[in-house]
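K.L.:
Following this line is model10.csv, made up of CSV, C-alpha atoms:
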```
chain,number,residue,atom,x,y,z
A,25,MET,CA,46.2,14.7,-58.5
A,26,ASP,CA,46.2,11.6,-56.2
A,27,GLN,CA,45.4,8.6,-58.5
A,28,VAL,CA,45.1,6.2,-55.5
A,29,LYS,CA,42.6,8.5,-53.8
A,30,ILE,CA,40.6,8.9,-57.0
A,31,GLY,CA,40.6,5.1,-57.4
A,32,ARG,CA,39.3,4.5,-53.9
A,33,TYR,CA,36.6,7.1,-54.6
A,34,LEU,CA,35.6,5.4,-57.8
A,35,GLN,CA,35.4,2.1,-56.0
A,36,GLU,CA,33.3,3.6,-53.3
A,37,LEU,CA,30.9,5.1,-55.9
A,38,ARG,CA,30.6,1.8,-57.7
A,39,LYS,CA,29.8,-0.1,-54.6
A,40,GLU,CA,27.2,2.6,-53.5
A,41,LYS,CA,25.6,2.0,-56.9
A,42,GLY,CA,25.6,-1.7,-56.2
A,43,TYR,CA,27.6,-2.6,-59.3
A,44,THR,CA,30.5,-5.1,-59.6
A,45,GLN,CA,33.6,-4.3,-61.6
A,46,GLU,CA,32.3,-6.6,-64.3
A,47,GLN,CA,28.9,-4.9,-64.5
A,48,LEU,CA,30.5,-1.4,-64.6
A,49,ALA,CA,32.9,-2.5,-67.3
A,50,ASP,CA,30.0,-3.9,-69.4
A,51,HIS,CA,28.1,-0.6,-68.9
A,52,LEU,CA,31.1,1.5,-70.0
A,53,ASN,CA,32.2,-0.9,-72.8
A,54,VAL,CA,35.6,-1.4,-71.2
A,55,ALA,CA,37.4,-4.5,-69.8
A,56,ARG,CA,36.9,-5.4,-66.2
A,57,ARG,CA,40.7,-5.2,-65.8
A,58,THR,CA,40.5,-1.5,-66.8
A,59,VAL,CA,38.0,-0.8,-64.0
A,60,SER,CA,40.3,-2.6,-61.6
A,61,ARG,CA,43.3,-0.5,-62.7
A,62,TRP,CA,41.3,2.7,-62.2
A,63,GLU,CA,40.2,1.6,-58.7
A,64,THR,CA,43.8,0.7,-57.7
A,65,GLY,CA,45.1,4.0,-58.9
A,66,SER,CA,47.5,2.5,-61.5
A,67,ASN,CA,45.5,4.0,-64.4
A,68,MET,CA,43.1,6.9,-64.9
A,69,PRO,CA,40.0,6.9,-67.1
A,70,ASP,CA,40.1,9.0,-70.3
A,71,LEU,CA,38.3,12.3,-70.2
A,72,ASP,CA,35.3,11.0,-72.1
A,73,LEU,CA,35.0,8.1,-69.6
A,74,LEU,CA,35.4,10.5,-66.6
A,75,ILE,CA,32.5,12.6,-68.0
A,76,GLU,CA,30.5,9.4,-68.4
A,77,LEU,CA,31.3,8.2,-64.9
A,78,SER,CA,30.4,11.6,-63.5
A,79,ASP,CA,27.0,11.4,-65.2
A,80,PHE,CA,26.5,7.8,-64.2
A,81,TYR,CA,27.3,8.3,-60.5
A,82,GLY,CA,25.6,11.7,-60.4
A,83,VAL,CA,28.7,13.6,-59.1
A,84,GLY,CA,30.6,16.5,-60.4
A,85,LEU,CA,33.7,16.1,-62.5
A,86,ARG,CA,35.7,18.1,-60.0
A,87,GLU,CA,34.5,15.8,-57.3
A,88,LEU,CA,35.8,12.8,-59.2
A,89,LEU,CA,39.2,14.4,-59.9
A,90,ASP,CA,39.5,15.4,-56.3
A,91,GLY,CA,38.6,11.9,-55.2
A,92,GLU,CA,36.2,13.1,-52.5
A,93,ARG,CA,32.7,14.3,-51.9
A,94,LYS,CA,32.4,18.1,-52.2
A,95,GLU,CA,28.8,18.8,-53.0
A,96,LYS,CA,27.3,17.7,-49.7
A,97,GLU,CA,29.9,19.9,-47.9
A,98,MET,CA,29.3,22.8,-50.3
A,99,ASN,CA,25.5,22.3,-50.0
A,100,ARG,CA,25.7,22.4,-46.2
A,101,GLU,CA,27.9,25.5,-46.3
A,102,MET,CA,25.5,27.1,-48.8
A,103,GLU,CA,22.5,26.2,-46.7
A,104,GLU,CA,24.2,27.7,-43.6
A,105,THR,CA,24.9,30.9,-45.5
A,106,VAL,CA,21.3,31.1,-46.8
A,107,MET,CA,20.0,30.5,-43.3
A,108,LYS,CA,22.2,33.4,-41.9
A,109,VAL,CA,21.0,35.7,-44.7
A,110,ALA,CA,17.4,34.7,-44.0
A,111,GLU,CA,17.8,35.3,-40.3
A,112,TYR,CA,19.3,38.7,-40.9
A,113,SER,CA,16.5,39.5,-43.4
A,114,ASN,CA,13.9,38.4,-40.9
A,115,ALA,CA,15.5,40.4,-38.1
A,116,GLU,CA,15.6,43.5,-40.4
A,117,LYS,CA,11.9,43.0,-41.4
A,118,GLU,CA,11.0,42.6,-37.7
A,119,ARG,CA,12.8,45.8,-36.8
A,120,MET,CA,11.2,47.7,-39.6
A,121,SER,CA,7.7,46.3,-38.6
A,122,LYS,CA,8.3,47.6,-35.1
A,123,VAL,CA,9.2,51.0,-36.3
A,124,VAL,CA,6.2,51.2,-38.6
A,125,MET,CA,4.0,49.9,-35.7
A,126,ARG,CA,5.2,52.8,-33.5
A,127,PHE,CA,4.5,55.3,-36.2
A,128,PHE,CA,1.1,53.7,-36.7
A,129,ILE,CA,0.3,54.1,-33.0
A,130,LEU,CA,1.5,57.7,-33.1
A,131,GLY,CA,-0.8,58.3,-36.0
A,132,ILE,CA,-3.8,56.8,-34.2
A,133,LEU,CA,-3.1,58.9,-31.1
A,134,ALA,CA,-2.8,62.0,-33.3
A,135,LEU,CA,-6.1,61.3,-35.0
A,136,LEU,CA,-7.7,60.7,-31.6
A,137,VAL,CA,-6.4,64.0,-30.3
A,138,ASN,CA,-7.7,65.7,-33.4
A,139,LEU,CA,-11.2,64.0,-33.1
A,140,PHE,CA,-11.3,64.9,-29.4
A,141,MET,CA,-10.6,68.6,-30.2
A,142,GLU,CA,-13.1,68.6,-33.0
A,143,PHE,CA,-16.0,67.0,-31.0
A,144,ASN,CA,-15.3,69.3,-28.0
A,145,GLU,CA,-15.1,72.3,-30.3
A,146,ILE,CA,-11.7,73.3,-29.0
A,147,ALA,CA,-10.7,75.8,-31.6
A,148,GLY,CA,-10.3,79.5,-32.1
A,149,THR,CA,-6.9,80.0,-30.6
A,150,ALA,CA,-3.7,79.9,-32.5
A,151,ALA,CA,-2.3,77.1,-30.3
A,152,ALA,CA,-5.5,74.9,-30.7
A,153,ASP,CA,-5.4,75.4,-34.5
A,154,PHE,CA,-1.8,74.5,-34.6
A,155,VAL,CA,-2.3,71.3,-32.6
A,156,LYS,CA,-5.3,70.3,-34.9
A,157,GLY,CA,-3.2,70.9,-38.0
A,158,LEU,CA,-0.2,69.1,-36.4
A,159,THR,CA,-2.3,66.0,-35.5
A,160,ILE,CA,-3.9,65.8,-39.0
A,161,GLY,CA,-0.4,66.2,-40.5
A,162,ILE,CA,1.0,63.4,-38.3
A,163,ALA,CA,-1.9,61.1,-39.2
A,164,PHE,CA,-1.5,61.8,-42.9
A,165,GLY,CA,2.3,61.3,-42.7
A,166,VAL,CA,1.9,58.0,-40.9
A,167,MET,CA,-0.6,56.8,-43.6
A,168,LEU,CA,2.0,57.7,-46.2
A,169,LEU,CA,4.7,55.8,-44.3
A,170,GLY,CA,2.4,52.8,-44.1
A,171,ILE,CA,1.7,52.8,-47.8
A,172,LEU,CA,5.5,53.2,-48.5
A,173,TYR,CA,6.2,50.3,-46.2
A,174,LEU,CA,3.6,48.0,-47.7
A,175,THR,CA,4.5,48.7,-51.3
A,176,GLY,CA,8.2,48.1,-50.6
A,177,TYR,CA,9.3,51.7,-51.4
A,178,MET,CA,10.6,52.2,-47.9
A,179,ASN,CA,13.3,49.6,-48.5
A,180,LYS,CA,14.3,51.3,-51.7
A,181,PHE,CA,14.5,54.6,-49.9
A,182,ARG,CA,16.6,53.0,-47.2
A,183,GLU,CA,19.0,51.4,-49.8
A,184,PHE,CA,19.3,54.8,-51.5
A,185,LYS,CA,20.1,56.5,-48.2
A,186,LEU,CA,22.7,53.8,-47.4
A,187,ARG,CA,24.3,54.4,-50.8
A,188,LEU,CA,24.4,58.1,-50.2
A,189,ILE,CA,26.2,57.8,-47.0
A,190,GLY,CA,28.5,55.2,-48.4
A,191,ARG,CA,27.6,52.2,-46.3
A,192,LYS,CA,26.5,50.0,-49.2
```
With the file now loaded, output its structure as structure tokens.

P.N.:
Amino acid sequence: MDQVKIGRYLQELRKEKGYTQEQLADHLNVARRTVSRWETGSNMPDLDLLIELSDFYGVGLRELLDGERKEKEMNREMEETVMKVAEYSNAEKERMSKVVMRFFILGILALLVNLFMEFNEIAGTAAADFVKGLTIGIAFGVMLLGILYLTGYMNKFREFKLRLIGRK
């Protein structure tokens, strides 16, 4: 613990607050000389005064004891981390949206093929019946996928799959 560094930091905080040593001493009910000793590093405030100073200056106790600002740096790092997570999340959502959109287009095409076959009365052969059944199945499956995606169950299925294969 570097008392001189802590003292300089206490002085910096006091000046930022616009207080003189005398005003701070009056606020804390200590002598001006005591504040001066803290700021030169020849003495340290008691724990109860450190806590009071921490509250008064609006800084963390760890920050006071380290004699330097930490929260802004930690907030910046936290913000960068959150932004990276948000970017990753947005990219993942965009990828999933593209996949769902492709399936949606496939479902529409399947439904159009089925309607074309129905209106042109193309039926009777095993192949035609198979294609009609397949196109209705695809359209129904795509509808289910859309519902799963919109309700959030698709993400739950994906997480379950990742746990099964050991990637998460």

K.L.:
Smallest atom-to-atom distance to A:Tyr33: which of A:Val124, A:Leu88, A:Ala134, A:Val155, using all atoms listed in the file?

P.N.:
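Answer, going by the shortest atom-to-atom distance: A:Leu88.
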
K.L.:
When distances are computed from all atoms listed in the file, which of A:Lys156, A:Arg182, A:Gly31, A:Ala163 shows the smallest separation from A:Phe143?

P.N.:
A:Lys156

K.L.:
Can you tell me how far atom CA of A:Gln47 sits from atom CA of A:Glu63, in Å to one decimal?

P.N.:
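Between atom CA of A:Gln47 and atom CA of A:Glu63 the gap works out to 14.3 Å.
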
K.L.:
One number please: atom CA of A:Ala151 to atom CA of A:Leu169, in Å, one decimal.

P.N.:
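Taking atom CA of A:Ala151 as the start and atom CA of A:Leu169 as the end point, the length is 26.4 Å.
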
K.L.:
Within 12 Å of stretch 35-41 of chain A, counting all atoms listed in the file, which residues qualify if same-chain residues fewer than 6 places away don't, as a ChimeraX atom specification?

P.N.:
/A:28-29,47-49,51,59-65,77-83,87-88,91-93

K.L.:
Using only C-alpha atoms for the distances, tell me which of A:Thr44, A:Asp70, A:Phe140, A:Phe164 is nearest to A:Phe128.

P.N.:
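Residue with the minimum atom-to-atom distance to A:Phe128: A:Phe164.
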
K.L.:
May I ask which of the residues A:Pro69, A:Gly176, A:Gly157, A:Gly190 is the closest one to A:Leu139, counting all atoms listed in the file?

P.N.:
A:Gly157

K.L.:
Pick out the closest residue to A:Asn53 from this set: A:Phe127, A:Ala150, A:Leu34, A:Leu73. Count all atoms listed in the file.

P.N.:
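Comparing A:Phe127, A:Ala150, A:Leu34, A:Leu73 against A:Asn53, the winner is A:Leu73.
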
K.L.:
How many Å separate atom CA of A:Thr159 from atom CA of A:Asn138?

P.N.:
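About the pair atom CA of A:Thr159 and atom CA of A:Asn138: they are 5.8 Å apart.
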